[in-house]
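This is query03.csv (CSV, C-alpha atoms).
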chain,number,residue,atom,x,y,z
D,40,VAL,CA,16.1,10.8,-54.5
D,41,GLN,CA,14.0,11.0,-51.5
D,42,GLY,CA,11.6,8.6,-49.8
D,43,TYR,CA,9.0,8.6,-47.1
D,44,CYS,CA,8.3,5.5,-45.0
D,45,MET,CA,9.1,2.5,-47.3
D,46,GLY,CA,10.3,4.9,-49.9
D,47,GLY,CA,13.4,5.5,-47.7
D,48,ALA,CA,14.6,2.0,-48.3
D,49,LEU,CA,13.7,2.3,-52.0
D,50,SER,CA,15.9,5.4,-52.1
D,51,PHE,CA,18.8,3.5,-50.6
D,52,ARG,CA,18.3,0.8,-53.2
D,53,THR,CA,18.1,3.2,-56.1
D,54,ALA,CA,21.4,4.9,-55.0
D,55,ALA,CA,23.1,1.5,-55.0
D,56,ALA,CA,21.6,0.4,-58.3
D,57,VAL,CA,22.6,3.5,-60.2
D,58,PRO,CA,25.5,5.1,-58.2
D,59,ASP,CA,26.7,7.4,-61.0
D,60,ARG,CA,23.2,9.0,-61.3
D,61,ILE,CA,22.3,9.5,-57.6
D,62,ALA,CA,24.3,12.1,-55.6
D,63,ALA,CA,21.9,12.7,-52.7
D,64,VAL,CA,19.5,10.6,-50.7
D,65,GLY,CA,16.8,11.8,-48.3
D,66,SER,CA,14.9,9.3,-46.1
D,67,PHE,CA,12.1,10.6,-43.9
D,68,HIS,CA,10.5,8.3,-41.2
D,69,GLY,CA,12.0,5.3,-43.0
D,70,GLY,CA,11.2,3.2,-40.0
D,71,ASN,CA,12.9,-0.1,-39.4
D,72,GLY,CA,13.0,-1.0,-43.1
D,73,LEU,CA,16.4,0.7,-43.5
D,74,VAL,CA,18.2,-2.0,-41.4
D,75,THR,CA,17.0,-5.6,-41.6
D,76,LYS,CA,18.6,-9.0,-41.2
D,77,ASP,CA,18.2,-9.7,-44.9
D,78,PRO,CA,21.4,-10.0,-47.0
D,79,ASP,CA,20.1,-7.2,-49.2
D,80,SER,CA,19.2,-4.9,-46.4
D,81,PRO,CA,19.3,-1.2,-47.5
D,82,HIS,CA,22.0,-0.4,-45.0
D,83,LEU,CA,24.3,-3.1,-46.5
D,84,LEU,CA,23.9,-1.4,-49.9
D,85,ILE,CA,25.4,1.9,-48.8
D,86,ALA,CA,28.9,1.0,-49.9
D,87,LYS,CA,27.6,0.5,-53.5
D,88,SER,CA,26.5,4.1,-53.7
D,89,LYS,CA,28.2,7.4,-54.2
D,90,ALA,CA,25.6,9.5,-52.5
D,91,THR,CA,25.5,11.7,-49.5
D,92,TYR,CA,22.6,10.8,-47.2
D,93,LEU,CA,20.1,12.6,-44.9
D,94,VAL,CA,18.2,10.1,-42.7
D,95,CYS,CA,15.5,11.6,-40.6
D,96,GLN,CA,14.0,9.1,-38.2
D,97,ALA,CA,10.7,9.5,-36.3
D,98,GLN,CA,10.9,9.4,-32.5
D,99,ASN,CA,8.5,6.5,-32.2
D,100,ASP,CA,10.4,4.5,-34.8
D,101,ASP,CA,13.5,5.1,-32.8
D,102,ALA,CA,11.8,4.1,-29.5
D,103,GLN,CA,10.7,0.9,-31.1
D,104,ALA,CA,14.1,0.0,-32.6
D,105,PRO,CA,16.7,2.2,-30.9
D,106,THR,CA,19.8,0.5,-32.5
D,107,VAL,CA,18.8,1.4,-36.1
D,108,LYS,CA,20.4,4.9,-36.0
D,109,ASP,CA,23.6,3.4,-34.6
D,110,ASP,CA,23.6,0.6,-37.2
D,111,LEU,CA,23.1,3.2,-40.0
D,112,LYS,CA,25.9,5.4,-38.6
D,113,ALA,CA,28.2,2.4,-38.5
D,114,ALA,CA,27.3,1.4,-42.1
D,115,PHE,CA,27.9,4.9,-43.4
D,116,ALA,CA,31.3,5.1,-41.6
D,117,ALA,CA,32.3,1.7,-42.9
D,118,ALA,CA,31.4,2.7,-46.4
D,119,LYS,CA,33.0,6.1,-46.0
D,120,ARG,CA,29.8,7.8,-47.2
D,121,PRO,CA,28.8,11.2,-45.7
D,122,ALA,CA,25.6,11.1,-43.9
D,123,THR,CA,23.4,12.8,-41.3
D,124,VAL,CA,21.3,10.5,-39.2
D,125,GLU,CA,19.0,12.2,-36.7
D,126,VAL,CA,15.9,11.4,-34.7
D,127,TYR,CA,13.3,14.1,-35.1
D,128,LYS,CA,10.9,15.1,-32.3
D,129,ALA,CA,7.9,13.8,-34.2
D,130,ASP,CA,6.1,10.6,-34.9
D,131,HIS,CA,6.1,8.4,-38.0
D,132,GLY,CA,4.5,10.2,-40.9
D,133,TRP,CA,5.2,13.7,-39.5
D,134,CYS,CA,6.1,15.2,-42.9
D,135,VAL,CA,2.7,14.6,-44.4
D,136,ARG,CA,0.5,17.8,-44.2
D,137,GLY,CA,-3.0,16.9,-43.1
D,138,SER,CA,-2.0,13.6,-41.4
D,139,ALA,CA,-2.9,13.0,-37.8
D,140,VAL,CA,0.8,13.2,-36.8
D,141,TYR,CA,1.8,16.1,-39.0
D,142,ASN,CA,4.4,18.3,-37.2
D,143,GLU,CA,4.9,21.5,-39.0
D,144,ALA,CA,8.1,22.6,-37.2
D,145,GLU,CA,9.8,19.3,-37.7
D,146,ALA,CA,8.5,18.9,-41.3
D,147,GLU,CA,10.0,22.4,-42.1
D,148,ARG,CA,13.3,21.4,-40.5
D,149,ALA,CA,13.3,18.2,-42.6
D,150,TRP,CA,12.6,20.2,-45.8
D,151,SER,CA,15.3,22.7,-44.9
D,152,ASN,CA,17.9,20.0,-44.4
D,153,LEU,CA,16.8,18.3,-47.6
D,154,THR,CA,17.1,21.5,-49.5
D,155,ALA,CA,20.5,22.2,-48.1
D,156,LEU,CA,21.6,18.7,-49.1
D,157,TYR,CA,20.3,19.1,-52.7
D,158,LYS,CA,21.9,22.5,-53.0
D,159,ALA,CA,25.3,21.2,-51.9
D,160,LYS,CA,25.3,18.0,-53.9
D,161,LEU,CA,23.2,18.8,-57.0
D,162,ALA,CA,24.6,22.3,-57.9
What do you get writing this file as structure tokens?
Amino acid sequence: VQGYCMGGALSFRTAAAVPDRIAAVGSFHGGNGLVTKDPDSPHLLIAKSKATYLVCQAQNDDAQAPTVKDDLKAAFAAAKRPATVEVYKADHGWCVRGSAVYNEAEAERAWSNLTALYKAKLA
């Protein structure tokens, strides 16, 4: 599964809800919705999943909440789930062609990383 913006958190929730059906999760500019103070925060659900994760954060989301990437990395390590968590040199929404913040180079990098994840985990 993959999600953009709020869809990133939904992808985490889906992987936890049906762990035997989801092998790979991609989250693109998921913002701060991936780590919340709620007891059902998406980052707290990682341990219920069996997926490998690709989390691509926007630079302006990271600037606004710089601990999210570290909280995610810690949650993945605690759950022993493989994951890549990176801040991309683009702003929130960069993957959407035609948007005001579309960044072709970083969008292509995100797609390449997602394709590699899917090939590795869904083959």
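Closest approach to Gln103 (chain D) among D:Leu153, D:Asn71, D:Ala116, D:Ala162 is made by D:Asn71 (distances from only C-alpha atoms).
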> Skipping near chain neighbours, those fewer than 4 positions away, what residues fall within 9 Å of Gly72 (chain D) using all atoms listed in the file, listed as an MDAnalysis selection string?
Replying inline: chainID D and resid 44:45 47:48 80:81
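Minimum atom-to-atom distance to Gly69 (chain D), evaluated using only C-alpha atoms, belongs to D:Gly46 out of D:Gly46, D:Ala90, D:Thr53, D:Ile85.
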> If you count all atoms listed in the file, which residues fall within 9 Å of Lys108 (chain D), apart from same-chain ones fewer than 6 positions away, as number ranges by chain?
Replying inline: D: 94, 96, 101, 124-126
What residues have an atom no more than 12 Å from (11.9, 17.1, -43.7) in the file's own frame, counting all atoms listed in the file, and can you write them as a compact mmCIF listing (two decimals) with C-alpha atoms, in the coordinates of the input?
# COMPACT_ATOMS: atom_id res chain seq x y z
CA GLN D 41 14.00 11.00 -51.50
CA GLY D 42 11.60 8.60 -49.80
CA TYR D 43 9.00 8.60 -47.10
CA GLY D 65 16.80 11.80 -48.30
CA SER D 66 14.90 9.30 -46.10
CA PHE D 67 12.10 10.60 -43.90
CA HIS D 68 10.50 8.30 -41.20
CA GLY D 69 12.00 5.30 -43.00
CA LEU D 93 20.10 12.60 -44.90
CA VAL D 94 18.20 10.10 -42.70
CA CYS D 95 15.50 11.60 -40.60
CA GLN D 96 14.00 9.10 -38.20
CA ALA D 97 10.70 9.50 -36.30
CA GLU D 125 19.00 12.20 -36.70
CA VAL D 126 15.90 11.40 -34.70
CA TYR D 127 13.30 14.10 -35.10
CA LYS D 128 10.90 15.10 -32.30
CA ALA D 129 7.90 13.80 -34.20
CA HIS D 131 6.10 8.40 -38.00
CA GLY D 132 4.50 10.20 -40.90
CA TRP D 133 5.20 13.70 -39.50
CA CYS D 134 6.10 15.20 -42.90
CA VAL D 135 2.70 14.60 -44.40
CA ARG D 136 0.50 17.80 -44.20
CA TYR D 141 1.80 16.10 -39.00
CA ASN D 142 4.40 18.30 -37.20
CA GLU D 143 4.90 21.50 -39.00
CA ALA D 144 8.10 22.60 -37.20
CA GLU D 145 9.80 19.30 -37.70
CA ALA D 146 8.50 18.90 -41.30
CA GLU D 147 10.00 22.40 -42.10
CA ARG D 148 13.30 21.40 -40.50
CA ALA D 149 13.30 18.20 -42.60
CA TRP D 150 12.60 20.20 -45.80
CA SER D 151 15.30 22.70 -44.90
CA ASN D 152 17.90 20.00 -44.40
CA LEU D 153 16.80 18.30 -47.60
CA THR D 154 17.10 21.50 -49.50
CA ALA D 155 20.50 22.20 -48.10
CA LEU D 156 21.60 18.70 -49.10
> Between D:Val140, D:Leu73, D:Ala54, D:Ala122, which has the minimum distance to Ala104 (chain D) (counting all atoms listed in the file)?
Replying inline: D:Leu73
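Coordinates place CA of Val40 (chain D) at a distance of 9.5 Å from CA of Tyr157 (chain D).
With all atoms listed in the file as the atoms that count, the residue of D:Asp130, D:Ala118, D:Thr75, D:Ala86 with the shortest distance to Asp100 (chain D) is D:Asp130.
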Kindly complete region 52-66 of chain D to N, CA, C and O atoms; the output should be written as an mmCIF file, in the coordinates of the input.
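Output below, filename result-v4.cif:
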data_model
loop_
_atom_site.group_PDB
_atom_site.id
_atom_site.type_symbol
_atom_site.label_atom_id
_atom_site.label_comp_id
_atom_site.auth_asym_id
_atom_site.auth_seq_id
_atom_site.Cartn_x
_atom_site.Cartn_y
_atom_site.Cartn_z
ATOM 1 N N ARG D 52 18.124 1.755 -52.121
ATOM 2 C CA ARG D 52 18.300 0.800 -53.200
ATOM 3 C C ARG D 52 18.588 1.422 -54.534
ATOM 4 O O ARG D 52 19.421 0.952 -55.303
ATOM 5 N N THR D 53 17.909 2.523 -54.809
ATOM 6 C CA THR D 53 18.100 3.200 -56.100
ATOM 7 C C THR D 53 19.543 3.800 -56.125
ATOM 8 O O THR D 53 20.218 3.698 -57.152
ATOM 9 N N ALA D 54 20.006 4.378 -55.025
ATOM 10 C CA ALA D 54 21.400 4.900 -55.000
ATOM 11 C C ALA D 54 22.411 3.846 -55.221
ATOM 12 O O ALA D 54 23.445 4.099 -55.846
ATOM 13 N N ALA D 55 22.160 2.640 -54.747
ATOM 14 C CA ALA D 55 23.100 1.500 -55.000
ATOM 15 C C ALA D 55 22.994 0.971 -56.375
ATOM 16 O O ALA D 55 23.988 0.554 -56.959
ATOM 17 N N ALA D 56 21.793 0.987 -56.946
ATOM 18 C CA ALA D 56 21.600 0.400 -58.300
ATOM 19 C C ALA D 56 22.178 1.271 -59.388
ATOM 20 O O ALA D 56 22.675 0.740 -60.384
ATOM 21 N N VAL D 57 22.117 2.590 -59.221
ATOM 22 C CA VAL D 57 22.600 3.500 -60.200
ATOM 23 C C VAL D 57 23.516 4.578 -59.574
ATOM 24 O O VAL D 57 23.181 5.761 -59.557
ATOM 25 N N PRO D 58 24.645 4.161 -59.020
ATOM 26 C CA PRO D 58 25.500 5.100 -58.200
ATOM 27 C C PRO D 58 25.984 6.301 -58.963
ATOM 28 O O PRO D 58 26.198 7.346 -58.347
ATOM 29 N N ASP D 59 26.166 6.204 -60.241
ATOM 30 C CA ASP D 59 26.700 7.400 -61.000
ATOM 31 C C ASP D 59 25.575 8.378 -61.296
ATOM 32 O O ASP D 59 25.876 9.456 -61.803
ATOM 33 N N ARG D 60 24.348 8.049 -60.976
ATOM 34 C CA ARG D 60 23.200 9.000 -61.300
ATOM 35 C C ARG D 60 22.612 9.580 -60.001
ATOM 36 O O ARG D 60 21.815 10.508 -60.109
ATOM 37 N N ILE D 61 22.951 9.054 -58.822
ATOM 38 C CA ILE D 61 22.300 9.500 -57.600
ATOM 39 C C ILE D 61 23.418 10.123 -56.682
ATOM 40 O O ILE D 61 24.320 9.421 -56.226
ATOM 41 N N ALA D 62 23.296 11.423 -56.412
ATOM 42 C CA ALA D 62 24.300 12.100 -55.600
ATOM 43 C C ALA D 62 23.791 12.398 -54.170
ATOM 44 O O ALA D 62 24.589 12.665 -53.277
ATOM 45 N N ALA D 63 22.480 12.366 -53.972
ATOM 46 C CA ALA D 63 21.900 12.700 -52.700
ATOM 47 C C ALA D 63 20.684 11.848 -52.396
ATOM 48 O O ALA D 63 19.878 11.613 -53.289
ATOM 49 N N VAL D 64 20.574 11.394 -51.150
ATOM 50 C CA VAL D 64 19.500 10.600 -50.700
ATOM 51 C C VAL D 64 18.860 11.158 -49.452
ATOM 52 O O VAL D 64 19.588 11.424 -48.495
ATOM 53 N N GLY D 65 17.549 11.345 -49.456
ATOM 54 C CA GLY D 65 16.800 11.800 -48.300
ATOM 55 C C GLY D 65 15.836 10.683 -47.861
ATOM 56 O O GLY D 65 15.098 10.194 -48.705
ATOM 57 N N SER D 66 15.865 10.302 -46.592
ATOM 58 C CA SER D 66 14.900 9.300 -46.100
ATOM 59 C C SER D 66 14.210 9.931 -44.876
ATOM 60 O O SER D 66 14.855 10.369 -43.924
#
